[in-house]
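K.L.:
You'll find run-v7.tsv just under this line, and it carries TSV, C-alpha atoms.
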chain	number	residue	atom	x	y	z
A	10	MET	CA	121.80	84.83	148.48
A	11	LEU	CA	124.09	83.43	145.83
A	12	VAL	CA	121.25	81.87	143.85
A	13	GLU	CA	117.64	82.59	142.90
A	14	PHE	CA	114.85	81.07	145.01
A	15	GLU	CA	113.56	79.47	141.83
A	16	LEU	CA	116.73	77.34	141.56
A	17	ILE	CA	116.28	76.09	145.12
A	18	LYS	CA	112.66	75.20	144.42
A	19	ARG	CA	113.64	73.30	141.30
A	20	ALA	CA	116.30	71.41	143.24
A	21	GLN	CA	113.67	70.61	145.89
A	22	GLU	CA	111.48	69.11	143.18
A	23	GLY	CA	114.27	66.70	142.26
A	24	ASP	CA	115.88	68.57	139.37
A	25	GLY	CA	119.46	67.21	139.36
A	26	ALA	CA	120.82	70.00	137.18
A	27	ALA	CA	119.42	72.61	139.57
A	28	PHE	CA	121.01	70.83	142.51
A	29	ASN	CA	124.31	70.75	140.64
A	30	GLN	CA	124.12	74.50	140.10
A	31	LEU	CA	123.31	75.01	143.76
A	32	VAL	CA	126.40	73.10	144.83
A	33	LEU	CA	128.59	74.94	142.34
A	34	ALA	CA	127.37	78.26	143.69
A	35	TYR	CA	127.94	77.48	147.36
A	36	ARG	CA	130.74	74.93	147.52
A	37	LYS	CA	133.67	77.36	147.74
A	38	ARG	CA	132.09	79.34	150.56
A	39	ILE	CA	131.10	76.17	152.42
A	40	LEU	CA	134.54	74.62	151.98
A	41	GLY	CA	136.09	77.80	153.40
A	42	THR	CA	133.82	77.71	156.44
A	43	ILE	CA	134.60	74.04	156.98
A	44	ALA	CA	138.34	74.69	156.68
A	45	ARG	CA	138.13	77.23	159.48
A	46	LEU	CA	135.77	75.12	161.57
A	47	ILE	CA	137.83	71.95	161.54
A	48	GLY	CA	141.32	73.33	160.97
A	49	HIS	CA	142.49	70.34	158.91
A	50	PRO	CA	142.76	71.20	155.20
A	51	GLU	CA	143.27	67.57	154.17
A	52	ASP	CA	139.74	66.64	155.30
A	53	VAL	CA	137.86	69.69	154.08
A	54	GLU	CA	136.58	68.19	150.81
A	55	ASP	CA	135.28	65.07	152.51
A	56	VAL	CA	133.33	67.07	155.05
A	57	GLY	CA	132.13	69.41	152.29
A	58	GLN	CA	130.80	66.49	150.27
A	59	GLU	CA	129.06	65.20	153.36
A	60	VAL	CA	127.32	68.58	153.73
A	61	PHE	CA	126.02	68.52	150.16
A	62	LEU	CA	125.10	64.86	150.47
A	63	ARG	CA	122.94	65.73	153.48
A	64	LEU	CA	121.57	68.68	151.55
A	65	TYR	CA	120.54	66.43	148.67
A	66	PHE	CA	118.67	63.98	150.87
A	67	SER	CA	116.99	66.55	153.06
A	68	LEU	CA	116.16	69.29	150.60
A	69	ASP	CA	112.51	68.25	150.59
A	70	GLN	CA	112.33	69.12	154.30
A	71	LEU	CA	113.26	72.75	153.71
A	72	ARG	CA	110.17	74.83	154.54
A	73	SER	CA	110.94	77.74	152.24
A	74	ALA	CA	113.72	78.85	149.93
A	75	GLU	CA	114.17	82.04	152.00
A	76	VAL	CA	115.75	80.12	154.88
A	77	PHE	CA	118.09	78.16	152.64
A	78	GLU	CA	121.34	79.81	153.75
A	79	PRO	CA	120.91	79.51	157.53
A	80	TRP	CA	119.79	75.97	156.92
A	81	LEU	CA	122.91	75.22	154.84
A	82	TYR	CA	125.02	76.70	157.64
A	83	ARG	CA	123.29	74.42	160.10
A	84	LEU	CA	124.08	71.40	157.93
A	85	THR	CA	127.67	72.62	157.68
A	86	SER	CA	128.15	73.04	161.40
A	87	ASN	CA	126.49	69.68	162.04
A	88	ALA	CA	128.86	67.93	159.64
A	89	ALA	CA	131.85	69.76	161.16
A	90	TYR	CA	130.63	68.80	164.62
A	91	ASP	CA	130.40	65.13	163.63
A	92	TYR	CA	133.89	65.29	162.15
A	93	LEU	CA	135.36	66.94	165.25
A	94	ARG	CA	133.71	64.43	167.53
A	95	LYS	CA	135.07	61.53	165.52
A	96	ARG	CA	138.43	63.14	165.56
A	97	ARG	CA	138.40	63.85	169.26
A	98	ARG	CA	142.04	63.19	169.44
A	99	ARG	CA	144.68	64.86	171.51
A	100	MET	CA	142.26	65.88	174.24
A	101	GLU	CA	145.23	66.62	176.40
A	102	SER	CA	146.60	68.86	173.69
A	103	ARG	CA	145.30	72.14	175.07
A	104	MET	CA	147.09	75.41	174.70
A	105	ALA	CA	149.16	74.62	177.79
A	106	ASP	CA	150.70	71.75	175.84
A	107	LEU	CA	151.49	73.75	172.78
A	108	SER	CA	155.04	73.56	171.70
A	109	GLU	CA	157.10	76.62	172.43
A	110	GLN	CA	157.38	77.26	168.74
A	111	GLN	CA	153.60	77.38	168.35
A	112	VAL	CA	153.24	79.78	171.24
A	113	VAL	CA	155.92	82.06	169.88
A	114	MET	CA	154.15	81.92	166.54
A	115	ALA	CA	150.82	82.86	168.09
A	116	ASP	CA	152.43	85.67	170.02
A	117	ALA	CA	154.33	86.96	167.03
A	118	LEU	CA	151.11	86.97	165.06
A	119	ALA	CA	149.23	88.93	167.63
A	120	SER	CA	151.82	91.65	167.34
A	121	GLU	CA	151.79	91.35	163.53
A	122	LYS	CA	155.46	90.58	163.15
A	123	VAL	CA	155.10	87.72	160.72
A	124	ASP	CA	154.80	87.52	157.02
A	125	ARG	CA	152.31	85.08	155.58
A	126	ASP	CA	154.10	82.25	153.95
A	127	GLU	CA	152.63	78.76	153.98
A	128	GLY	CA	154.78	77.49	156.82
A	129	ARG	CA	153.59	80.26	159.08
A	130	ARG	CA	150.00	79.78	158.02
A	131	LYS	CA	150.35	76.19	159.05
A	132	GLY	CA	151.75	77.34	162.39
A	133	ILE	CA	148.79	79.65	162.91
A	134	ARG	CA	146.32	76.94	162.00
A	135	GLU	CA	147.93	74.54	164.44
A	136	ALA	CA	148.06	77.13	167.21
A	137	VAL	CA	144.38	78.08	166.85
A	138	ASP	CA	143.41	74.44	166.42
A	139	SER	CA	145.13	73.56	169.69
A	140	LEU	CA	143.57	76.57	171.41
A	141	LEU	CA	140.11	75.57	170.26
A	142	ASP	CA	140.72	71.96	171.31
A	143	GLY	CA	140.42	73.30	174.85
A	144	VAL	CA	136.67	73.88	174.49
A	145	SER	CA	133.86	71.52	173.55
A	146	GLU	CA	133.09	70.89	169.88
A	147	GLU	CA	129.85	72.88	170.19
A	148	ASP	CA	131.65	75.89	171.64
A	149	ARG	CA	134.46	75.58	169.13
A	150	ILE	CA	131.99	75.80	166.26
A	151	LEU	CA	130.09	78.71	167.83
A	152	LEU	CA	133.28	80.58	168.58
A	153	THR	CA	134.66	80.05	165.08
A	154	LEU	CA	131.43	81.14	163.41
A	155	LYS	CA	131.35	84.28	165.55
A	156	GLU	CA	135.02	85.25	165.86
A	157	VAL	CA	136.46	83.97	162.62
A	158	GLU	CA	133.54	83.81	160.20
A	159	GLY	CA	132.16	87.06	161.57
A	160	LEU	CA	128.53	85.95	161.88
A	161	SER	CA	126.37	88.15	164.08
A	162	LEU	CA	124.49	86.89	167.13
A	163	LYS	CA	121.26	87.37	165.19
A	164	GLU	CA	122.51	85.18	162.35
A	165	LEU	CA	123.71	82.54	164.79
A	166	GLY	CA	120.32	82.66	166.51
A	167	THR	CA	118.61	82.04	163.16
A	168	ILE	CA	120.93	79.14	162.37
A	169	TYR	CA	120.57	77.36	165.70
A	170	HIS	CA	117.06	78.50	166.70
A	171	VAL	CA	118.51	79.71	169.99
A	172	LYS	CA	117.84	83.01	171.76
A	173	GLU	CA	120.56	85.62	171.37
A	174	ASN	CA	121.04	86.03	175.11
A	175	ALA	CA	121.71	82.34	175.61
A	176	LEU	CA	124.21	82.43	172.76
A	177	LYS	CA	125.89	85.50	174.21
A	178	VAL	CA	126.44	83.81	177.57
A	179	ARG	CA	127.75	80.65	175.97
A	180	LEU	CA	130.10	82.53	173.66
A	181	PHE	CA	131.40	84.67	176.50
A	182	ARG	CA	132.27	81.62	178.60
A	183	ALA	CA	133.92	79.83	175.68
A	184	ARG	CA	135.94	82.89	174.79
A	185	GLN	CA	137.05	83.32	178.40
A	186	ARG	CA	138.31	79.74	178.46
A	187	VAL	CA	140.24	80.21	175.25
A	188	LEU	CA	141.59	83.55	176.45
A	189	LYS	CA	142.78	82.01	179.70
A	190	ALA	CA	144.56	79.20	177.86
A	191	PHE	CA	146.09	81.72	175.49
A	192	ALA	CA	147.33	83.92	178.32
A	193	THR	CA	148.79	80.93	180.18
A	194	ALA	CA	150.64	79.77	177.09
A	195	ARG	CA	151.98	83.25	176.43
A	196	LYS	CA	153.24	83.58	179.98
A	197	ARG	CA	154.94	80.22	179.67
A	198	SER	CA	156.52	81.20	176.40
A	199	VAL	CA	157.75	84.50	177.83
A	200	GLY	CA	159.10	82.62	180.85
A	201	THR	CA	161.02	80.11	178.76
A	202	SER	CA	162.32	82.60	176.22
A	203	GLY	CA	163.34	85.24	178.76
A	204	PRO	CA	166.97	86.13	179.56
A	205	ARG	CA	168.95	83.36	181.27
A	206	GLN	CA	171.33	84.03	184.11
B	22	MET	CA	146.31	98.18	193.28
B	23	GLY	CA	149.33	98.21	191.01
B	24	HIS	CA	148.93	94.44	190.46
B	25	ASP	CA	145.25	94.83	189.60
B	26	LYS	CA	146.03	97.46	187.00
B	27	MET	CA	148.78	95.30	185.53
B	28	ASP	CA	146.46	92.25	185.36
B	29	HIS	CA	143.79	94.36	183.71
B	30	ASP	CA	146.30	95.70	181.18
B	31	ASN	CA	147.59	92.20	180.50
B	32	MET	CA	144.05	90.95	180.03
B	33	GLY	CA	143.34	93.78	177.59
B	34	SER	CA	146.53	92.99	175.77
B	35	ASP	CA	145.64	89.27	175.62
B	36	GLU	CA	142.19	90.14	174.28
B	37	THR	CA	143.75	92.21	171.53
B	38	ARG	CA	146.29	89.52	170.73
B	39	LEU	CA	143.60	86.84	170.64
B	40	ASN	CA	141.51	88.95	168.25
B	41	ALA	CA	144.59	89.39	166.06
B	42	LEU	CA	145.19	85.65	166.17
B	43	PHE	CA	141.61	84.90	165.09
B	44	ALA	CA	141.95	87.40	162.26
B	45	ALA	CA	145.23	85.80	161.20
B	46	TYR	CA	143.56	82.40	161.35
B	47	ARG	CA	140.88	83.69	158.96
B	48	ASP	CA	143.65	84.67	156.54
B	49	ALA	CA	145.56	81.44	157.10
B	50	CYS	CA	142.49	79.42	156.06
B	51	PRO	CA	141.27	81.04	152.85
B	52	ASP	CA	138.33	79.49	150.97
B	53	PRO	CA	140.01	76.55	149.20
B	54	GLU	CA	139.53	75.87	145.53
B	55	PRO	CA	137.52	72.66	145.16
B	56	SER	CA	139.36	69.89	143.37
B	57	ALA	CA	138.29	68.69	139.92
B	58	ASN	CA	136.97	65.52	141.56
B	59	PHE	CA	134.66	67.30	143.93
B	60	MET	CA	131.47	67.09	141.87
B	61	PRO	CA	132.01	63.58	140.39
B	62	GLN	CA	132.80	62.21	143.86
B	63	LEU	CA	129.76	63.94	145.33
B	64	TRP	CA	127.46	62.40	142.70
B	65	GLN	CA	129.08	59.01	143.25
B	66	LYS	CA	128.34	59.27	146.96
B	67	ILE	CA	124.75	60.35	146.25
B	68	GLU	CA	124.23	57.41	143.92
B	69	ALA	CA	125.82	54.98	146.38
B	70	ARG	CA	123.53	56.18	149.16
B	71	GLU	CA	120.52	56.03	146.89
B	72	GLN	CA	121.40	52.46	145.98
B	73	THR	CA	121.85	51.55	149.63
B	74	SER	CA	118.52	53.06	150.51
B	75	THR	CA	116.94	51.25	147.53
B	76	VAL	CA	118.43	47.94	148.70
B	77	PHE	CA	117.20	48.57	152.23
B	78	GLY	CA	113.81	49.63	150.91
B	79	ARG	CA	113.57	46.46	148.84
B	80	LEU	CA	114.68	44.38	151.79
B	81	ALA	CA	112.10	46.04	154.00
B	82	ARG	CA	109.37	45.46	151.40
B	83	ASN	CA	110.40	41.80	151.08
B	84	LEU	CA	110.34	41.41	154.84
B	85	VAL	CA	106.88	42.90	155.04
B	86	THR	CA	105.66	40.62	152.25
B	87	ALA	CA	107.21	37.58	153.95
B	88	ALA	CA	105.65	38.56	157.26
B	89	LEU	CA	102.24	38.92	155.62
B	90	ALA	CA	102.60	35.55	153.88
B	91	LEU	CA	103.69	33.90	157.10
B	92	SER	CA	100.80	35.34	159.05
B	93	GLY	CA	98.44	34.15	156.26
B	94	ILE	CA	99.87	30.65	156.47
B	95	LEU	CA	99.62	30.66	160.25
B	96	GLY	CA	96.02	31.88	160.03
B	97	LEU	CA	95.19	29.10	157.60
B	98	ALA	CA	96.86	26.50	159.81
B	99	VAL	CA	94.94	27.70	162.84
B	100	SER	CA	91.60	27.62	161.00
B	101	LEU	CA	92.37	24.11	159.65
B	102	SER	CA	93.22	22.84	163.10
B	103	HIS	CA	89.94	24.32	164.36
B	104	SER	CA	87.95	22.52	161.68
B	105	SER	CA	89.69	19.21	162.40
B	106	MET	CA	88.99	19.65	166.08
B	107	ALA	CA	85.31	20.03	165.24
B	108	SER	CA	85.15	16.37	164.11
B	109	LEU	CA	86.59	15.16	167.37
B	110	PRO	CA	84.27	13.97	170.19
B	111	SER	CA	82.98	16.81	172.24
B	112	GLU	CA	83.47	14.98	175.53
B	113	SER	CA	86.44	15.68	177.70
B	114	TYR	CA	89.27	13.23	178.14
B	115	VAL	CA	87.97	12.22	181.57
B	116	GLU	CA	84.49	11.57	180.17
B	117	VAL	CA	85.89	9.46	177.35
B	118	LEU	CA	88.01	7.51	179.83
B	119	ALA	CA	85.06	6.94	182.11
B	120	GLU	CA	82.95	5.73	179.23
B	121	ASP	CA	85.66	3.32	178.14
B	122	GLN	CA	85.99	2.10	181.70
B	123	ALA	CA	82.28	1.37	181.85
B	124	ARG	CA	82.39	-0.52	178.56
B	125	GLU	CA	85.33	-2.59	179.72
B	126	SER	CA	83.55	-3.37	182.99
B	127	LEU	CA	80.59	-4.62	181.00
B	128	ASP	CA	82.85	-6.79	178.87
B	129	TYR	CA	84.49	-8.45	181.79
B	130	PHE	CA	81.79	-8.66	184.42
B	131	GLU	CA	78.61	-9.41	182.45
B	132	PRO	CA	77.06	-12.56	183.92
B	133	VAL	CA	77.59	-15.54	181.75
B	134	ARG	CA	74.42	-17.37	180.87
B	135	ILE	CA	74.70	-21.01	180.34
B	136	GLU	CA	71.99	-22.38	178.15
B	137	PRO	CA	70.96	-25.91	179.08
B	138	ALA	CA	71.87	-28.33	176.43
B	139	ALA	CA	68.93	-29.24	174.21
B	140	ASP	CA	69.63	-32.98	174.22
B	141	GLN	CA	69.07	-33.26	178.02
B	142	HIS	CA	65.28	-33.05	177.46
Here is a file; write its structure as structure tokens.
P.N.:
Amino acid sequence: MLVEFELIKRAQEGDGAAFNQLVLAYRKRILGTIARLIGHPEDVEDVGQEVFLRLYFSLDQLRSAEVFEPWLYRLTSNAAYDYLRKRRRRMESRMADLSEQQVVMADALASEKVDRDEGRRKGIREAVDSLLDGVSEEDRILLTLKEVEGLSLKELGTIYHVKENALKVRLFRARQRVLKAFATARKRSVGTSGPRQ
Amino acid sequence: MGHDKMDHDNMGSDETRLNALFAAYRDACPDPEPSANFMPQLWQKIEAREQTSTVFGRLARNLVTAALALSGILGLAVSLSHSSMASLPSESYVEVLAEDQARESLDYFEPVRIEPAADQH
């Protein structure tokens, strides 16, 4: 926990200063999670503000301060989910449609050949974003929280109130879909960049 | 057999590459520094939503009050119409019509008595 339970309780009682402190303590972490969930840096602050807005108006529904963090994660994934649904653009833009450059970038990254300048970071973001566009918004969020954020199945179960086994099955299927798309794109990239006769 | 092994190896290699890609994605999206406007904008949004909910709350209260007033007026109108109906004749329309008919019949068909003139005696 980044804050004392007492601060959460004060914020629940309508103390604006306590709420302000709560946001200041968590905003950077939440913005980071949102950035990785949605993959579009330009919209991260908007979605982040939406999370804290929802927090402000629903804080009185929080049963106890102990479950504050999983609850904040749930609000975060809900806001990211709403954003992704609204932005359900480029549905056809799955990994198979990635530009050759993006595929080469993804491949180069996997073999750790790249240095990390901003242009390449952008390439990585776009590649993963396109890869994750191939699964539903729900699976995208689950997969990102597990594979990128590093949350455990137990933590995910606490956030979503879902049994670990059900989560495991869902994550496995989502990962298999992404893996298949990734492999297809790699093959295509190898095929197009191979020696010409 | 050889193909199976190759597919399996490729799959393993893709798994590893995908894990590396996810890890690189984590690094490519570091926790961003919030802008200076983050908190002021957040409070603006909170206040705007509070105002909206206040306006809606007021509107809802006004609607409830108007509905109560309207139902009061309607209740009053109904009770007034009941009291004015009480002063009306209790007979039905057909009974009233029949009574009128009888009166009219009397008016028109009552035998006319002709008194003998007094000066004839």
K.L.:
Write out as a ChimeraX atom specification every residue belonging to chain B that has an atom at most 7 Å from any atom of chain A, counting all atoms listed in the file.
P.N.:
/B:35-36,38-39,41-44,46-47,49-55,63,67
K.L.:
Using CA of Leu165 in chain A and CA of Leu151 in chain A as the two end points, give the distance in Å to one decimal.
P.N.:
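Pair CA of Leu165 in chain A / CA of Leu151 in chain A returns 8.0 Å.
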K.L.:
Between CA of Glu78 in chain A and CA of Ser161 in chain A, what is the distance, to one decimal in Å?
P.N.:
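Between CA of Glu78 in chain A and CA of Ser161 in chain A the gap works out to 14.2 Å.
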